[in-house]
>>> print(open('my_file.pdb').read())   # PDB, C-alpha atoms
ATOM      1  CA  MET A  29     118.229 105.705  92.177
ATOM      2  CA  GLU A  30     118.850 106.414  88.518
ATOM      3  CA  LYS A  31     116.588 107.443  85.643
ATOM      4  CA  THR A  32     116.944 108.753  82.100
ATOM      5  CA  ILE A  33     114.694 111.546  80.860
ATOM      6  CA  TYR A  34     114.562 113.154  77.436
ATOM      7  CA  VAL A  35     114.803 116.882  76.718
ATOM      8  CA  ASP A  36     115.164 118.154  73.139
ATOM      9  CA  ASP A  37     115.129 114.476  72.108
ATOM     10  CA  ARG A  38     118.378 114.028  74.035
ATOM     11  CA  PRO A  39     118.790 111.611  76.931
ATOM     12  CA  ILE A  40     119.737 113.046  80.305
ATOM     13  CA  ARG A  41     120.834 110.543  82.906
ATOM     14  CA  LEU A  42     119.797 111.538  86.415
ATOM     15  CA  ARG A  43     120.891 109.961  89.668
ATOM     16  CA  THR A  44     120.330 110.539  93.361
ATOM     17  CA  SER A  45     122.514 109.361  96.212
ATOM     18  CA  ALA A  46     123.434 110.294  99.762
ATOM     19  CA  ALA A  47     126.152 112.619  98.409
ATOM     20  CA  MET A  48     123.670 114.715  96.441
ATOM     21  CA  SER A  49     123.117 117.295  99.184
ATOM     22  CA  ILE A  50     126.884 117.883  99.438
ATOM     23  CA  VAL A  51     127.297 118.359  95.677
ATOM     24  CA  TYR A  52     124.287 120.734  95.681
ATOM     25  CA  LYS A  53     125.598 122.794  98.626
ATOM     26  CA  ASN A  54     129.127 122.989  97.169
ATOM     27  CA  GLN A  55     127.850 124.124  93.768
ATOM     28  CA  PHE A  56     125.016 126.481  94.735
ATOM     29  CA  GLY A  57     125.801 127.472  98.345
ATOM     30  CA  SER A  58     122.286 126.568  99.396
ATOM     31  CA  ASP A  59     120.886 123.703 101.450
ATOM     32  CA  TYR A  60     119.425 120.980  99.214
ATOM     33  CA  PHE A  61     116.746 119.895 101.677
ATOM     34  CA  ALA A  62     115.595 123.455 102.434
ATOM     35  CA  ASP A  63     115.259 124.151  98.704
ATOM     36  CA  LEU A  64     113.529 120.825  98.163
ATOM     37  CA  MET A  65     110.966 121.644 100.858
ATOM     38  CA  LYS A  66     110.171 124.940  99.095
ATOM     39  CA  LEU A  67     109.624 123.025  95.877
ATOM     40  CA  ALA A  68     107.539 120.378  97.662
ATOM     41  CA  LYS A  69     104.868 123.009  98.298
ATOM     42  CA  VAL A  70     104.150 123.010  94.558
ATOM     43  CA  PHE A  71     103.264 119.313  94.706
ATOM     44  CA  ASP A  72     101.359 119.621  97.981
ATOM     45  CA  VAL A  73      97.915 120.402  96.560
ATOM     46  CA  PRO A  74      95.307 120.245  99.340
ATOM     47  CA  GLU A  75      92.983 117.272  99.442
ATOM     48  CA  ASP A  76      89.480 117.628  98.124
ATOM     49  CA  GLU A  77      87.561 118.192 101.367
ATOM     50  CA  GLU A  78      84.228 117.365  99.739
ATOM     51  CA  ARG A  79      85.513 113.986  98.530
ATOM     52  CA  LYS A  80      87.063 113.325 101.925
ATOM     53  CA  GLY A  81      83.680 113.995 103.561
ATOM     54  CA  GLU A  82      81.952 111.593 101.146
ATOM     55  CA  LEU A  83      84.427 108.838 101.951
ATOM     56  CA  ARG A  84      84.099 109.372 105.708
ATOM     57  CA  LEU A  85      80.370 108.655 105.444
ATOM     58  CA  LEU A  86      81.059 105.161 104.066
ATOM     59  CA  SER A  87      81.397 102.126 106.304
ATOM     60  CA  VAL A  88      84.808 100.544 106.840
ATOM     61  CA  GLN A  89      83.664  97.541 104.797
ATOM     62  CA  LEU A  90      82.710  99.714 101.801
ATOM     63  CA  LEU A  91      85.999 101.606 102.099
ATOM     64  CA  LYS A  92      87.899  98.303 102.096
ATOM     65  CA  GLU A  93      86.021  97.184  98.978
ATOM     66  CA  LYS A  94      86.842 100.480  97.255
ATOM     67  CA  ALA A  95      90.489 100.164  98.331
ATOM     68  CA  ALA A  96      90.628  96.636  96.911
ATOM     69  CA  LYS A  97      89.301  97.887  93.545
ATOM     70  CA  LEU A  98      92.010 100.568  93.547
ATOM     71  CA  ASN A  99      94.664  97.899  94.286
ATOM     72  CA  ILE A 100      95.721  99.539  97.544
ATOM     73  CA  SER A 101      98.071  97.156  99.311
ATOM     74  CA  LYS A 102      97.437  96.143 102.939
ATOM     75  CA  HIS A 103      93.980  97.763 102.870
ATOM     76  CA  SER A 104      92.522  94.958 104.976
ATOM     77  CA  LYS A 105      94.658  96.051 107.956
ATOM     78  CA  MET A 106      93.854  99.774 107.711
ATOM     79  CA  ASN A 107      91.530 101.717 109.965
ATOM     80  CA  LYS A 108      88.917 104.102 108.563
ATOM     81  CA  GLY A 109      91.169 107.187 108.573
ATOM     82  CA  GLU A 110      93.990 105.306 106.853
ATOM     83  CA  LEU A 111      91.565 103.945 104.250
ATOM     84  CA  VAL A 112      90.195 107.415 103.453
ATOM     85  CA  LYS A 113      93.726 108.806 103.085
ATOM     86  CA  ALA A 114      94.888 105.878 100.913
ATOM     87  CA  ILE A 115      91.832 106.156  98.642
ATOM     88  CA  LEU A 116      92.254 109.927  98.246
ATOM     89  CA  ASN A 117      95.906 109.375  97.400
ATOM     90  CA  ALA A 118      95.079 106.646  94.869
ATOM     91  CA  GLU A 119      92.450 108.857  93.231
ATOM     92  CA  LYS A 120      94.822 111.836  92.846
ATOM     93  CA  PRO A 121      95.769 112.506  89.255
ATOM     94  CA  GLN A 122      99.383 111.493  88.656
ATOM     95  CA  ASP A 123      99.935 114.036  85.902
ATOM     96  CA  PHE A 124     101.410 117.389  86.809
ATOM     97  CA  ASP A 125      99.594 120.272  85.128
ATOM     98  CA  LEU A 126     100.998 123.773  85.637
ATOM     99  CA  GLN A 127      97.782 125.313  84.348
ATOM    100  CA  LYS A 128      95.777 123.793  87.201
ATOM    101  CA  LEU A 129      97.946 125.333  89.915
ATOM    102  CA  SER A 130      96.720 128.401  91.739
ATOM    103  CA  PHE A 131      98.852 131.544  92.034
ATOM    104  CA  GLU A 132      99.590 130.561  95.640
ATOM    105  CA  TYR A 133     101.204 127.319  94.475
ATOM    106  CA  LEU A 134     102.927 128.918  91.483
ATOM    107  CA  ASN A 135     104.470 131.397  93.895
ATOM    108  CA  ASN A 136     106.455 128.452  95.337
ATOM    109  CA  LEU A 137     107.651 127.379  91.890
ATOM    110  CA  ASP A 138     111.251 128.617  91.879
ATOM    111  CA  LEU A 139     112.736 127.720  88.486
ATOM    112  CA  MET A 140     116.288 128.195  89.739
ATOM    113  CA  VAL A 141     115.736 125.546  92.402
ATOM    114  CA  ILE A 142     114.325 123.169  89.782
ATOM    115  CA  PHE A 143     117.235 123.797  87.404
ATOM    116  CA  ASN A 144     119.766 123.489  90.245
ATOM    117  CA  ILE A 145     118.283 120.177  91.417
ATOM    118  CA  LEU A 146     118.101 118.893  87.841
ATOM    119  CA  TRP A 147     121.739 119.856  87.199
ATOM    120  CA  THR A 148     122.823 118.188  90.459
ATOM    121  CA  MET A 149     121.016 114.966  89.528
ATOM    122  CA  ALA A 150     122.663 115.046  86.092
ATOM    123  CA  LYS A 151     126.068 115.725  87.672
ATOM    124  CA  MET A 152     125.577 112.766  90.023
ATOM    125  CA  ALA A 153     125.021 110.542  86.973
ATOM    126  CA  ASP A 154     127.789 112.059  84.822
ATOM    127  CA  ARG A 155     130.701 113.842  86.514
ATOM    128  CA  ASN A 156     131.783 115.266  83.129
ATOM    129  CA  ILE A 157     128.831 117.597  82.513
ATOM    130  CA  PRO A 158     129.813 121.288  82.420
ATOM    131  CA  GLU A 159     128.885 124.006  84.898
ATOM    132  CA  PRO A 160     125.126 124.733  85.244
ATOM    133  CA  PHE A 161     124.870 127.747  82.937
ATOM    134  CA  THR A 162     126.852 126.070  80.145
ATOM    135  CA  TRP A 163     124.890 122.842  80.536
ATOM    136  CA  LEU A 164     121.457 124.533  80.509
ATOM    137  CA  ASP A 165     122.448 126.823  77.643
ATOM    138  CA  ASP A 166     123.066 123.746  75.511
ATOM    139  CA  PHE A 167     119.308 122.985  75.502
ATOM    140  CA  GLU A 168     116.849 124.817  73.304
ATOM    141  CA  ALA A 169     114.149 124.541  75.978
ATOM    142  CA  MET A 170     113.759 123.015  79.435
ATOM    143  CA  PRO A 171     109.997 122.354  79.697
ATOM    144  CA  ILE A 172     109.148 122.378  83.400
ATOM    145  CA  GLU A 173     105.734 120.727  82.909
ATOM    146  CA  ILE A 174     107.532 117.705  81.426
ATOM    147  CA  ILE A 175     110.550 117.674  83.750
ATOM    148  CA  LEU A 176     108.764 117.927  87.117
ATOM    149  CA  PRO A 177     106.694 114.752  86.767
ATOM    150  CA  GLU A 178     109.770 112.927  85.487
ATOM    151  CA  ILE A 179     111.965 113.881  88.444
ATOM    152  CA  LYS A 180     109.294 113.682  91.159
ATOM    153  CA  GLU A 181     110.085 110.025  91.908
ATOM    154  CA  LEU A 182     113.802 110.826  92.147
ATOM    155  CA  LEU A 183     113.104 113.746  94.464
ATOM    156  CA  GLU A 184     111.006 111.541  96.717
ATOM    157  CA  SER A 185     113.641 108.804  96.744
ATOM    158  CA  SER A 186     116.297 111.314  97.797
ATOM    159  CA  ILE A 187     114.509 112.002 101.085
ATOM    160  CA  ARG A 188     112.654 108.733 101.694
ATOM    161  CA  THR A 189     113.524 106.669 104.751
ATOM    162  CA  ARG A 190     113.258 102.924 104.820
ATOM    163  CA  LYS A 191     111.686 100.948 107.654
ATOM    164  CA  LYS A 192     113.651  98.041 109.058
TER     165      LYS A 192
END
>>> encode(input="my_file.pdb", output="structure tokens")
Amino acid sequence: MEKTIYVDDRPIRLRTSAAMSIVYKNQFGSDYFADLMKLAKVFDVPEDEERKGELRLLSVQLLKEKAAKLNISKHSKMNKGELVKAILNAEKPQDFDLQKLSFEYLNNLDLMVIFNILWTMAKMADRNIPEPFTWLDDFEAMPIEIILPEIKELLESSIRTRKK
């Protein structure tokens, strides 16, 4: 998967592929997937238990109607638990806001891992970019609150499996 993001009004091409974990390990001496799982904890905000309880009180028919309004695909074939989970997921805000994260979640926010993953994605797209320090030093700022939402889809695609 490939995507272009903008930092300092400059385009950065990013790409993921099966070789990404090898490039990451060779450059940083750390396992890509282990580091990615640490970072995933930042995105793994617990579900709103109160909202989950409200949805569980609804009938399957009402849940299916709500799912249809939220454009949840295949909702007609879901059971009650699947409907509740799909609705909660659809209702989650898609924007990433660092200010809304608790200290517990911020504790998992390792900037080096983010910068290393970002550099690896950029290197996958352009083999001519310089070493990480030189590349990062060329930017005035690297705003995490803008970068994380932009690369989240790429991160997910790098570990997603496809059903046959």
>>> closest_residue(input="my_file.pdb", among="A:Leu176, A:Met149, A:Leu164, A:Ile157", to="Lys31 of chain A", atoms="all atoms listed in the file")
A:Met149
>>> closest_residue(input="my_file.pdb", among="A:Leu67, A:Arg43, A:His103, A:Gln55", to="Glu159 of chain A", atoms="all atoms listed in the file")
A:Gln55
>>> atom_distance(input="my_file.pdb", atom1="atom CA of Glu184 of chain A", atom2="atom CA of Ile172 of chain A")
17.3 Å
>>> closest_residue(input="my_file.pdb", among="A:Lys97, A:Lys80, A:Lys108, A:Lys151", to="Thr44 of chain A", atoms="only C-alpha atoms")
A:Lys151
>>> axis_aligned_box(input="my_file.pdb", around="segment 151-163 of chain A", padding_each_side="6 Å", output="lines of an AutoDock Vina configuration file")
center_x = 128.3
center_y = 119.1
center_z = 85.1
size_x = 18.9
size_y = 29.2
size_z = 21.9
>>> atom_distance(input="my_file.pdb", atom1="atom CA of Ile179 of chain A", atom2="atom CA of Ile100 of chain A")
23.5 Å
>>> atom_distance(input="my_file.pdb", atom1="atom CA of Val141 of chain A", atom2="atom CA of Ser45 of chain A")
18.0 Å
>>> build_atoms(input="my_file.pdb", residues="segment 106-121 of chain A", atoms="N, CA and C atoms", output="PDB file, keeping the file's coordinate frame")
ATOM      1  N   MET A 106      93.953  98.331 107.457  1.00  0.00           N
ATOM      2  CA  MET A 106      93.854  99.774 107.711  1.00  0.00           C
ATOM      3  C   MET A 106      92.596 100.129 108.495  1.00  0.00           C
ATOM      4  N   ASN A 107      92.715 101.192 109.293  1.00  0.00           N
ATOM      5  CA  ASN A 107      91.530 101.717 109.965  1.00  0.00           C
ATOM      6  C   ASN A 107      90.834 102.696 109.020  1.00  0.00           C
ATOM      7  N   LYS A 108      89.719 103.251 109.438  1.00  0.00           N
ATOM      8  CA  LYS A 108      88.917 104.102 108.563  1.00  0.00           C
ATOM      9  C   LYS A 108      89.696 105.325 108.067  1.00  0.00           C
ATOM     10  N   GLY A 109      90.389 106.016 108.965  1.00  0.00           N
ATOM     11  CA  GLY A 109      91.169 107.187 108.573  1.00  0.00           C
ATOM     12  C   GLY A 109      92.254 106.853 107.559  1.00  0.00           C
ATOM     13  N   GLU A 110      92.938 105.735 107.785  1.00  0.00           N
ATOM     14  CA  GLU A 110      93.990 105.306 106.853  1.00  0.00           C
ATOM     15  C   GLU A 110      93.401 104.943 105.493  1.00  0.00           C
ATOM     16  N   LEU A 111      92.227 104.310 105.508  1.00  0.00           N
ATOM     17  CA  LEU A 111      91.565 103.945 104.250  1.00  0.00           C
ATOM     18  C   LEU A 111      91.182 105.191 103.447  1.00  0.00           C
ATOM     19  N   VAL A 112      90.594 106.178 104.131  1.00  0.00           N
ATOM     20  CA  VAL A 112      90.195 107.415 103.453  1.00  0.00           C
ATOM     21  C   VAL A 112      91.418 108.077 102.824  1.00  0.00           C
ATOM     22  N   LYS A 113      92.502 108.179 103.592  1.00  0.00           N
ATOM     23  CA  LYS A 113      93.726 108.806 103.085  1.00  0.00           C
ATOM     24  C   LYS A 113      94.301 108.020 101.898  1.00  0.00           C
ATOM     25  N   ALA A 114      94.339 106.707 101.992  1.00  0.00           N
ATOM     26  CA  ALA A 114      94.888 105.878 100.913  1.00  0.00           C
ATOM     27  C   ALA A 114      94.042 105.985  99.646  1.00  0.00           C
ATOM     28  N   ILE A 115      92.728 106.029  99.805  1.00  0.00           N
ATOM     29  CA  ILE A 115      91.832 106.156  98.642  1.00  0.00           C
ATOM     30  C   ILE A 115      91.997 107.527  97.993  1.00  0.00           C
ATOM     31  N   LEU A 116      92.039 108.581  98.800  1.00  0.00           N
ATOM     32  CA  LEU A 116      92.254 109.927  98.246  1.00  0.00           C
ATOM     33  C   LEU A 116      93.573 109.991  97.482  1.00  0.00           C
ATOM     34  N   ASN A 117      94.600 109.380  98.051  1.00  0.00           N
ATOM     35  CA  ASN A 117      95.906 109.375  97.400  1.00  0.00           C
ATOM     36  C   ASN A 117      95.866 108.599  96.085  1.00  0.00           C
ATOM     37  N   ALA A 118      95.176 107.468  96.080  1.00  0.00           N
ATOM     38  CA  ALA A 118      95.079 106.646  94.869  1.00  0.00           C
ATOM     39  C   ALA A 118      94.256 107.332  93.787  1.00  0.00           C
ATOM     40  N   GLU A 119      93.308 108.163  94.193  1.00  0.00           N
ATOM     41  CA  GLU A 119      92.450 108.857  93.231  1.00  0.00           C
ATOM     42  C   GLU A 119      93.074 110.138  92.679  1.00  0.00           C
ATOM     43  N   LYS A 120      94.169 110.610  93.317  1.00  0.00           N
ATOM     44  CA  LYS A 120      94.822 111.836  92.846  1.00  0.00           C
ATOM     45  C   LYS A 120      95.348 111.639  91.438  1.00  0.00           C
ATOM     46  N   PRO A 121      95.180 112.615  90.591  1.00  0.00           N
ATOM     47  CA  PRO A 121      95.769 112.506  89.255  1.00  0.00           C
ATOM     48  C   PRO A 121      97.286 112.490  89.366  1.00  0.00           C
TER      49      PRO A 121
END
